[in-house]
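Asks: Structure file start.pdb (PDB, C-alpha atoms) is given on the next line.
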```pdb
ATOM      1  CA  MET A   3     103.397 107.366 120.092  1.00  0.00           C
ATOM      2  CA  ARG A   4     100.680 106.809 122.673  1.00  0.00           C
ATOM      3  CA  LEU A   5      97.114 108.048 122.464  1.00  0.00           C
ATOM      4  CA  SER A   6      97.637 109.964 125.698  1.00  0.00           C
ATOM      5  CA  GLU A   7     100.445 111.918 124.001  1.00  0.00           C
ATOM      6  CA  ILE A   8      98.205 113.218 121.227  1.00  0.00           C
ATOM      7  CA  GLN A   9      94.987 113.786 123.164  1.00  0.00           C
ATOM      8  CA  ASN A  10      95.967 117.294 124.280  1.00  0.00           C
ATOM      9  CA  LYS A  11      96.959 118.495 120.819  1.00  0.00           C
ATOM     10  CA  ASP A  12      94.680 120.777 118.836  1.00  0.00           C
ATOM     11  CA  ILE A  13      93.524 119.438 115.487  1.00  0.00           C
ATOM     12  CA  ILE A  14      93.872 121.979 112.677  1.00  0.00           C
ATOM     13  CA  ASN A  15      92.353 121.609 109.219  1.00  0.00           C
ATOM     14  CA  ILE A  16      94.970 122.559 106.606  1.00  0.00           C
ATOM     15  CA  ILE A  17      92.224 123.540 104.148  1.00  0.00           C
ATOM     16  CA  ASP A  18      91.068 126.587 106.132  1.00  0.00           C
ATOM     17  CA  GLY A  19      93.403 126.753 109.154  1.00  0.00           C
ATOM     18  CA  LYS A  20      90.556 126.327 111.648  1.00  0.00           C
ATOM     19  CA  LYS A  21      90.540 124.216 114.791  1.00  0.00           C
ATOM     20  CA  VAL A  22      88.510 121.048 114.448  1.00  0.00           C
ATOM     21  CA  GLY A  23      88.600 119.727 118.011  1.00  0.00           C
ATOM     22  CA  ARG A  24      90.605 117.473 120.313  1.00  0.00           C
ATOM     23  CA  ILE A  25      91.137 113.717 120.283  1.00  0.00           C
ATOM     24  CA  ILE A  26      88.806 111.829 122.618  1.00  0.00           C
ATOM     25  CA  ASP A  27      89.085 108.295 121.244  1.00  0.00           C
ATOM     26  CA  ALA A  28      90.583 106.075 118.567  1.00  0.00           C
ATOM     27  CA  ASP A  29      89.226 103.362 116.286  1.00  0.00           C
ATOM     28  CA  ILE A  30      91.602 100.393 116.262  1.00  0.00           C
ATOM     29  CA  ASP A  31      90.901  97.182 114.351  1.00  0.00           C
ATOM     30  CA  SER A  32      91.375  93.643 115.695  1.00  0.00           C
ATOM     31  CA  ASN A  33      94.952  93.544 114.351  1.00  0.00           C
ATOM     32  CA  GLY A  34      95.906  96.674 116.298  1.00  0.00           C
ATOM     33  CA  LYS A  35      95.923  98.975 113.262  1.00  0.00           C
ATOM     34  CA  LEU A  36      94.768 102.549 113.890  1.00  0.00           C
ATOM     35  CA  ASN A  37      91.904 103.299 111.493  1.00  0.00           C
ATOM     36  CA  SER A  38      90.840 106.724 112.695  1.00  0.00           C
ATOM     37  CA  LEU A  39      90.867 109.231 115.515  1.00  0.00           C
ATOM     38  CA  ILE A  40      87.643 110.470 117.079  1.00  0.00           C
ATOM     39  CA  SER A  41      87.572 114.185 117.794  1.00  0.00           C
ATOM     40  CA  GLU A  42      85.220 116.106 120.029  1.00  0.00           C
ATOM     41  CA  LYS A  43      83.973 119.122 118.130  1.00  0.00           C
ATOM     42  CA  TYR A  44      84.565 122.536 119.591  1.00  0.00           C
ATOM     43  CA  ARG A  45      81.374 123.926 121.093  1.00  0.00           C
ATOM     44  CA  PHE A  46      81.114 126.612 118.382  1.00  0.00           C
ATOM     45  CA  PHE A  47      80.873 124.009 115.632  1.00  0.00           C
ATOM     46  CA  LEU A  48      78.683 121.732 117.726  1.00  0.00           C
ATOM     47  CA  SER A  49      76.026 124.339 118.399  1.00  0.00           C
ATOM     48  CA  LEU A  50      75.836 125.820 114.900  1.00  0.00           C
ATOM     49  CA  PHE A  51      76.054 122.896 112.559  1.00  0.00           C
ATOM     50  CA  SER A  52      74.792 119.655 113.992  1.00  0.00           C
ATOM     51  CA  ASN A  53      73.754 117.691 116.989  1.00  0.00           C
ATOM     52  CA  LYS A  54      76.646 115.277 116.386  1.00  0.00           C
ATOM     53  CA  SER A  55      79.337 115.902 118.978  1.00  0.00           C
ATOM     54  CA  GLU A  56      82.114 113.859 117.367  1.00  0.00           C
ATOM     55  CA  THR A  57      84.103 113.901 114.148  1.00  0.00           C
ATOM     56  CA  GLU A  58      85.867 110.842 112.773  1.00  0.00           C
ATOM     57  CA  ILE A  59      89.236 111.625 111.227  1.00  0.00           C
ATOM     58  CA  LYS A  60      90.529 108.794 109.051  1.00  0.00           C
ATOM     59  CA  TRP A  61      94.223 107.966 109.348  1.00  0.00           C
ATOM     60  CA  SER A  62      94.612 108.887 105.654  1.00  0.00           C
ATOM     61  CA  GLN A  63      93.382 112.434 106.433  1.00  0.00           C
ATOM     62  CA  ILE A  64      96.174 113.097 108.939  1.00  0.00           C
ATOM     63  CA  GLU A  65      98.943 115.071 107.267  1.00  0.00           C
ATOM     64  CA  LYS A  66     101.326 115.689 110.176  1.00  0.00           C
ATOM     65  CA  ILE A  67     101.465 115.139 113.928  1.00  0.00           C
ATOM     66  CA  GLY A  68     103.578 117.916 115.433  1.00  0.00           C
ATOM     67  CA  THR A  69     104.616 118.798 118.958  1.00  0.00           C
ATOM     68  CA  ASP A  70     101.618 121.097 119.511  1.00  0.00           C
ATOM     69  CA  VAL A  71      99.061 120.321 116.792  1.00  0.00           C
ATOM     70  CA  ILE A  72      97.782 117.637 114.457  1.00  0.00           C
ATOM     71  CA  LEU A  73      97.311 118.830 110.878  1.00  0.00           C
ATOM     72  CA  VAL A  74      94.493 117.152 108.973  1.00  0.00           C
ATOM     73  CA  ASN A  75      93.020 117.478 105.504  1.00  0.00           C
ATOM     74  CA  LEU A  76      89.244 117.600 105.922  1.00  0.00           C
ATOM     75  CA  ASN A  77      88.401 118.349 102.337  1.00  0.00           C
ATOM     76  CA  ASN A  78      85.097 116.498 102.312  1.00  0.00           C
ATOM     77  CA  ILE A  79      81.662 117.744 101.293  1.00  0.00           C
ATOM     78  CA  ASN A  80      80.159 117.766 104.806  1.00  0.00           C
ATOM     79  CA  TYR A  81      82.948 119.927 106.197  1.00  0.00           C
ATOM     80  CA  VAL A  82      82.747 122.319 103.221  1.00  0.00           C
ATOM     81  CA  LEU A  83      78.964 122.665 103.649  1.00  0.00           C
ATOM     82  CA  GLN A  84      79.406 123.412 107.367  1.00  0.00           C
ATOM     83  CA  LYS A  85      82.005 126.076 106.554  1.00  0.00           C
ATOM     84  CA  GLU A  86      79.697 127.700 103.991  1.00  0.00           C
ATOM     85  CA  LYS A  87      76.882 127.910 106.574  1.00  0.00           C
ATOM     86  CA  SER A  88      79.182 129.654 109.036  1.00  0.00           C
ATOM     87  CA  ASN A  89      80.095 132.336 106.486  1.00  0.00           C
ATOM     88  CA  LYS A  90      76.455 133.366 105.956  1.00  0.00           C
TER      89      LYS A  90
END
```
Would you write the structure of this file as structure tokens?
Replies:
Amino acid sequence: MRLSEIQNKDIINIIDGKKVGRIIDADIDSNGKLNSLISEKYRFFLSLFSNKSETEIKWSQIEKIGTDVILVNLNNINYVLQKEKSNK
């Protein structure tokens, strides 16, 4: 699969079902192994939670790449804290 084929897919977190963003880049090591995908945060998340405009999604966090979406498991403390802030 090529990067261009997955760049237009929405990224969905399986923990809460919310959109995370879209792929804008990839981190590939010197051996050609894909380490992570770089996602541009949706503007809603960008404006409310941080000034960081990108999210790194490790290859181990990707659960499934489907025809329309990429399902990821972002069950880390930073994502949980951001979600809690949005519910207040």
Asks: Tell me which protein, DNA and RNA residues are within 7 Å of segment 64-75 of chain A, counting only C-alpha atoms, leaving out same-chain ones fewer than 3 positions away, and put them as a PyMOL selection string.
Replies: chain A and resi 11-17+61
Asks: Let's have the selection written as a CSV table (one decimal), in the coordinates of the input, with C-alpha atoms.
Replies:
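File out-v4.csv, as written:
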```
chain,number,residue,atom,x,y,z
A,11,LYS,CA,97.0,118.5,120.8
A,12,ASP,CA,94.7,120.8,118.8
A,13,ILE,CA,93.5,119.4,115.5
A,14,ILE,CA,93.9,122.0,112.7
A,15,ASN,CA,92.4,121.6,109.2
A,16,ILE,CA,95.0,122.6,106.6
A,17,ILE,CA,92.2,123.5,104.1
A,61,TRP,CA,94.2,108.0,109.3
```
Asks: Could you check how far atom CA of Ile26 of chain A sits from atom CA of Asn77 of chain A, in Å to one decimal?
Replies: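 Separating atom CA of Ile26 of chain A from atom CA of Asn77 of chain A is a distance of 21.3 Å.
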Asks: Taking only C-alpha atoms into account, name the residue in A:Ile59, A:Ser41, A:Leu5, A:Leu76 that is nearest to Ile25 of chain A.
Replies: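 The answer is A:Ser41, which sits nearest to Ile25 of chain A.
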Asks: Taking the file as shown, what set of residues would the PyMOL selection byres ((chain A and resi 32-36) around 12) give back, as a PyMOL selection string?
Replies: chain A and resi 3-5+27-31+37-40+59-62+64
